[in-house]
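The next block holds one structure in the form of structure tokens; read it before the comments.
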Amino acid sequence: MGHSNNVTEFVLLGLTQDPGGQKALFVIFLLIYIVTMVGNLLIVVTVLVSPSLGSPMYLFLVYLSLMDAAYSTAITPNLIKDLFCGQKRISFSACMGQLFLEHLFGGAEIFLLVAMAYDRYVAICKPLHYIIIMNRQVCILLLVMSWAGGFVHSVVQLLFVYNLPFCGSNVIDHFCCDVYPLLELACTDTYFLGLTMVANGGALCTVVFICLLISYGVILSSLKTHSQEGRRKALSTCCSHIMVVVLFFVPCIFMYVRPVSNLSVDKFIGVAYTVVTPMLNPLIYTLRNSEMTNAMKKLWRRKLAIYSTRMHHSY
């Protein structure tokens, strides 16, 4: 069928039409994006070079950081560019690309958070069998399944939208290409398609969110048998995981678990989980995790020691 339309590009209305507001948002989002990239890549580097962070939890954390960096990059640079130029056109193919990447990384992250919850469950509820259960093959399998899940979810979204006929307005009242704003522009009745989308995006978010909350409930209730120290450590890790899960899923559920409609508040909720959450994740994980912060300190000390010796020798 292809896209039977005369729309070759879309105009994104963005967050605000006010030039002053655009300049302020440009600065804020640019800073957030830099912090997001630096924070997430710092976690990746720290885990990769620290022998003490060899457990599966940190392997998953590396992938979460990479996904957050990629997810943020799928959306934020374009948003920053639009705010800077005030020019907000996006070609049909670029729009589809953005839609695909956003749902690929977002979807993969949903499944990865499940893998991380499973990892914590095994570590806390079956500590003696942890090394056997969470062996290398299992970890790799869980990662591959996360990417595969995100990929399937994303392809489904893309196929639905790609084949819609666009023939009227090409103005998207949003700052990025997403399913609902695009469904609103299609010149066909998208009611049934909208329900399918709710099933694909919304149900995925809701079911996974409920399962994660239940699993963390099980984990936390099993802590009664642990020592004070073990309990404190497990609580700290689980709390940071739960914070990330809530930050990611609550806006997601709000956006996708309702009939297709574009509410004015959507854009700001969109900003929350596309721009802000990827920045908060590294902060939550590093600040609440003593092993992580210690490894970072060690890494910096080593770097500084090497640097000062070099400086010393060069004089």
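Every chain in the structure tokens has a letter given in the order shown (A, B, ...), and although residue numbers restart at 1 in each chain, ligands are simply numbered from 1 in the order shown.
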
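Omitting Leu99 of chain A and its sequence neighbours fewer than 2 positions away, and counting only C-alpha atoms, the residues within 6 Å are Met96, Gly97, Leu101, Glu102, Cys177 and Asp178 of chain A.
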
- For Met243 of chain A: contacts at 12 Å, only C-alpha atoms, fewer than 6 positions along chain excluded, given as a ChimeraX atom specification: /A:113,212-213,216,235-237,249-250,277,280-285,288

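With only C-alpha atoms as the atoms that count, the minimum distance from Gly106 of chain A to the choices A:Ser146, A:Asn163, A:Asn294, A:Ser314 is reached by A:Ser146.
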
- Message: For the helix (DSSP H, G or I) assignment from backbone DSSP, which residues of segment 122-235 of chain A qualify? Please present them as a ChimeraX atom specification.
- Response: /A:122-125,127-133,136-162,179-185,191-225,228-235

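Nearest-residue note for Leu220 of chain A: choosing from A:Phe192, A:Ala70, A:His153, A:Lys233, the minimum distance belongs to A:Lys233, counting only C-alpha atoms.
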
- Contacts of Asn40 of chain A within 7 Å, only C-alpha atoms, excl. fewer than 6 positions in-chain, as a list in words: Ser65, Leu66, Ala69 and Pro282 of chain A

Any chance you could export the current selection's N, CA, C and O atoms as a CSV table (one decimal), in the first residue's frame?
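What follows is the written file selection.csv:
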```csv
chain,number,residue,atom,x,y,z
A,65,SER,N,22.4,2.1,30.9
A,65,SER,CA,23.0,3.4,30.6
A,65,SER,C,23.1,3.7,29.1
A,65,SER,O,22.9,4.8,28.6
A,66,LEU,N,23.5,2.6,28.4
A,66,LEU,CA,23.7,2.8,26.9
A,66,LEU,C,22.3,3.0,26.3
A,66,LEU,O,22.2,3.9,25.4
A,69,ALA,N,21.3,6.6,27.1
A,69,ALA,CA,22.0,7.5,26.2
A,69,ALA,C,21.5,7.5,24.8
A,69,ALA,O,21.3,8.6,24.2
A,282,PRO,N,21.2,7.6,35.9
A,282,PRO,CA,22.6,7.4,36.4
A,282,PRO,C,22.8,8.0,37.8
A,282,PRO,O,23.5,7.5,38.6
```

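Closest to Gly168 of chain A among A:Val245, A:Val38, A:Ala186, A:Val152 is A:Ala186, based on only C-alpha atoms.
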
- Item | Contacts of Pro127 of chain A at 12 Å (only C-alpha atoms; same-chain gap of 5+ positions) as a list in words | Asp119, Arg120, Tyr121, Val122, Ile132, Ile133, Met134, Ile219, Ser222, Leu223, His226, Gly230 and Ala234 of chain A

Writer output for current selection, N, CA, C and O atoms, as a PDB file, in the first residue's frame:
```pdb
ATOM      1  N   ASP A 119      17.083 -10.358  38.155  1.00  0.00           N
ATOM      2  CA  ASP A 119      18.438 -10.465  38.709  1.00  0.00           C
ATOM      3  C   ASP A 119      18.434 -10.175  40.212  1.00  0.00           C
ATOM      4  O   ASP A 119      19.041 -10.895  41.003  1.00  0.00           O
ATOM      5  N   ARG A 120      17.740  -9.124  40.620  1.00  0.00           N
ATOM      6  CA  ARG A 120      17.653  -8.784  42.051  1.00  0.00           C
ATOM      7  C   ARG A 120      16.907  -9.870  42.830  1.00  0.00           C
ATOM      8  O   ARG A 120      17.264 -10.200  43.947  1.00  0.00           O
ATOM      9  N   TYR A 121      15.851 -10.409  42.198  1.00  0.00           N
ATOM     10  CA  TYR A 121      15.061 -11.464  42.849  1.00  0.00           C
ATOM     11  C   TYR A 121      15.957 -12.661  43.158  1.00  0.00           C
ATOM     12  O   TYR A 121      15.976 -13.183  44.276  1.00  0.00           O
ATOM     13  N   VAL A 122      16.731 -13.098  42.163  1.00  0.00           N
ATOM     14  CA  VAL A 122      17.621 -14.255  42.355  1.00  0.00           C
ATOM     15  C   VAL A 122      18.682 -13.936  43.411  1.00  0.00           C
ATOM     16  O   VAL A 122      18.955 -14.738  44.304  1.00  0.00           O
ATOM     17  N   ILE A 132      25.044 -19.701  39.772  1.00  0.00           N
ATOM     18  CA  ILE A 132      24.637 -20.752  38.823  1.00  0.00           C
ATOM     19  C   ILE A 132      23.472 -20.274  37.959  1.00  0.00           C
ATOM     20  O   ILE A 132      23.479 -20.439  36.741  1.00  0.00           O
ATOM     21  N   ILE A 133      22.478 -19.649  38.614  1.00  0.00           N
ATOM     22  CA  ILE A 133      21.281 -19.219  37.864  1.00  0.00           C
ATOM     23  C   ILE A 133      21.624 -18.076  36.910  1.00  0.00           C
ATOM     24  O   ILE A 133      21.258 -18.108  35.736  1.00  0.00           O
ATOM     25  N   MET A 134      22.306 -17.053  37.416  1.00  0.00           N
ATOM     26  CA  MET A 134      22.610 -15.888  36.584  1.00  0.00           C
ATOM     27  C   MET A 134      23.981 -16.056  35.908  1.00  0.00           C
ATOM     28  O   MET A 134      24.843 -15.195  36.026  1.00  0.00           O
ATOM     29  N   ILE A 219      10.453  -9.526  46.706  1.00  0.00           N
ATOM     30  CA  ILE A 219      11.859  -9.371  47.112  1.00  0.00           C
ATOM     31  C   ILE A 219      11.936  -8.718  48.495  1.00  0.00           C
ATOM     32  O   ILE A 219      12.620  -9.204  49.400  1.00  0.00           O
ATOM     33  N   SER A 222      10.894 -10.832  51.409  1.00  0.00           N
ATOM     34  CA  SER A 222      11.806 -11.930  51.737  1.00  0.00           C
ATOM     35  C   SER A 222      13.019 -11.433  52.529  1.00  0.00           C
ATOM     36  O   SER A 222      13.835 -12.221  52.990  1.00  0.00           O
ATOM     37  N   LEU A 223      13.148 -10.113  52.670  1.00  0.00           N
ATOM     38  CA  LEU A 223      14.323  -9.568  53.368  1.00  0.00           C
ATOM     39  C   LEU A 223      14.274  -9.816  54.870  1.00  0.00           C
ATOM     40  O   LEU A 223      15.273  -9.636  55.552  1.00  0.00           O
ATOM     41  N   HIS A 226      17.009 -11.834  56.265  1.00  0.00           N
ATOM     42  CA  HIS A 226      18.397 -11.412  56.057  1.00  0.00           C
ATOM     43  C   HIS A 226      18.959 -10.681  57.274  1.00  0.00           C
ATOM     44  O   HIS A 226      18.216 -10.183  58.114  1.00  0.00           O
ATOM     45  N   GLY A 230      22.803  -7.014  55.286  1.00  0.00           N
ATOM     46  CA  GLY A 230      22.303  -7.517  54.005  1.00  0.00           C
ATOM     47  C   GLY A 230      20.989  -6.853  53.630  1.00  0.00           C
ATOM     48  O   GLY A 230      20.748  -6.531  52.465  1.00  0.00           O
ATOM     49  N   ALA A 234      20.365  -4.578  50.293  1.00  0.00           N
ATOM     50  CA  ALA A 234      19.336  -5.002  49.340  1.00  0.00           C
ATOM     51  C   ALA A 234      18.256  -3.933  49.196  1.00  0.00           C
ATOM     52  O   ALA A 234      17.787  -3.645  48.092  1.00  0.00           O
TER      53      ALA A 234
END
```

- Message: Excluding Ile140 of chain A and its own-chain neighbours fewer than 2 positions away, which residues fall within 12 Å of it when counting only C-alpha atoms? Please give them as a PyMOL selection string.
- Response: chain A and resi 56+59-60+63+112+115+134-138+142-147

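Excluding Ala203 of chain A itself and any same-chain residue fewer than 3 positions from it, the protein and nucleic acid residues within 12 Å of it, counting only C-alpha atoms, are His153, Leu195, Thr196, Met197, Val198, Ala199, Asn200, Thr206, Val207, Val208, Phe209, Ile210, Cys211, Phe249, Cys252, Ile253, Phe254, Met255, Tyr256, Val257 and Arg258 of chain A.
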
- Item | Separation of atom CA of Cys187 of chain A from atom CA of Thr274 of chain A, in Å and rounded to one decimal | 28.0 Å

Per-residue nearest contacts of segment 198-299 of chain A to segment 6-16 of chain A (10 Å; only C-alpha atoms) as a tab-separated table:
```
residue	atom	partner	partner_atom	distance
A:Ser264	CA	A:Leu15	CA	9.8
A:Lys267	CA	A:Leu15	CA	6.8
A:Phe268	CA	A:Leu15	CA	8.0
A:Val271	CA	A:Leu15	CA	9.2
```

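Closest approach to Ile124 of chain A among A:Thr225, A:Asn170, A:Ser93, A:Thr190: A:Thr225, based on only C-alpha atoms.
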
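Compared by their closest atoms to Leu42 of chain A, and using only C-alpha atoms, the residues A:Glu109, A:Val218, A:Met296, A:Arg302 rank with A:Met296 nearest.
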
- Message: Let me make sure I understand: among A:Ile80, A:Val62, A:Val45, A:Ile172, which one has the smallest atom-to-atom distance to Lys23 of chain A if we use only C-alpha atoms?
- Response: A:Ile80
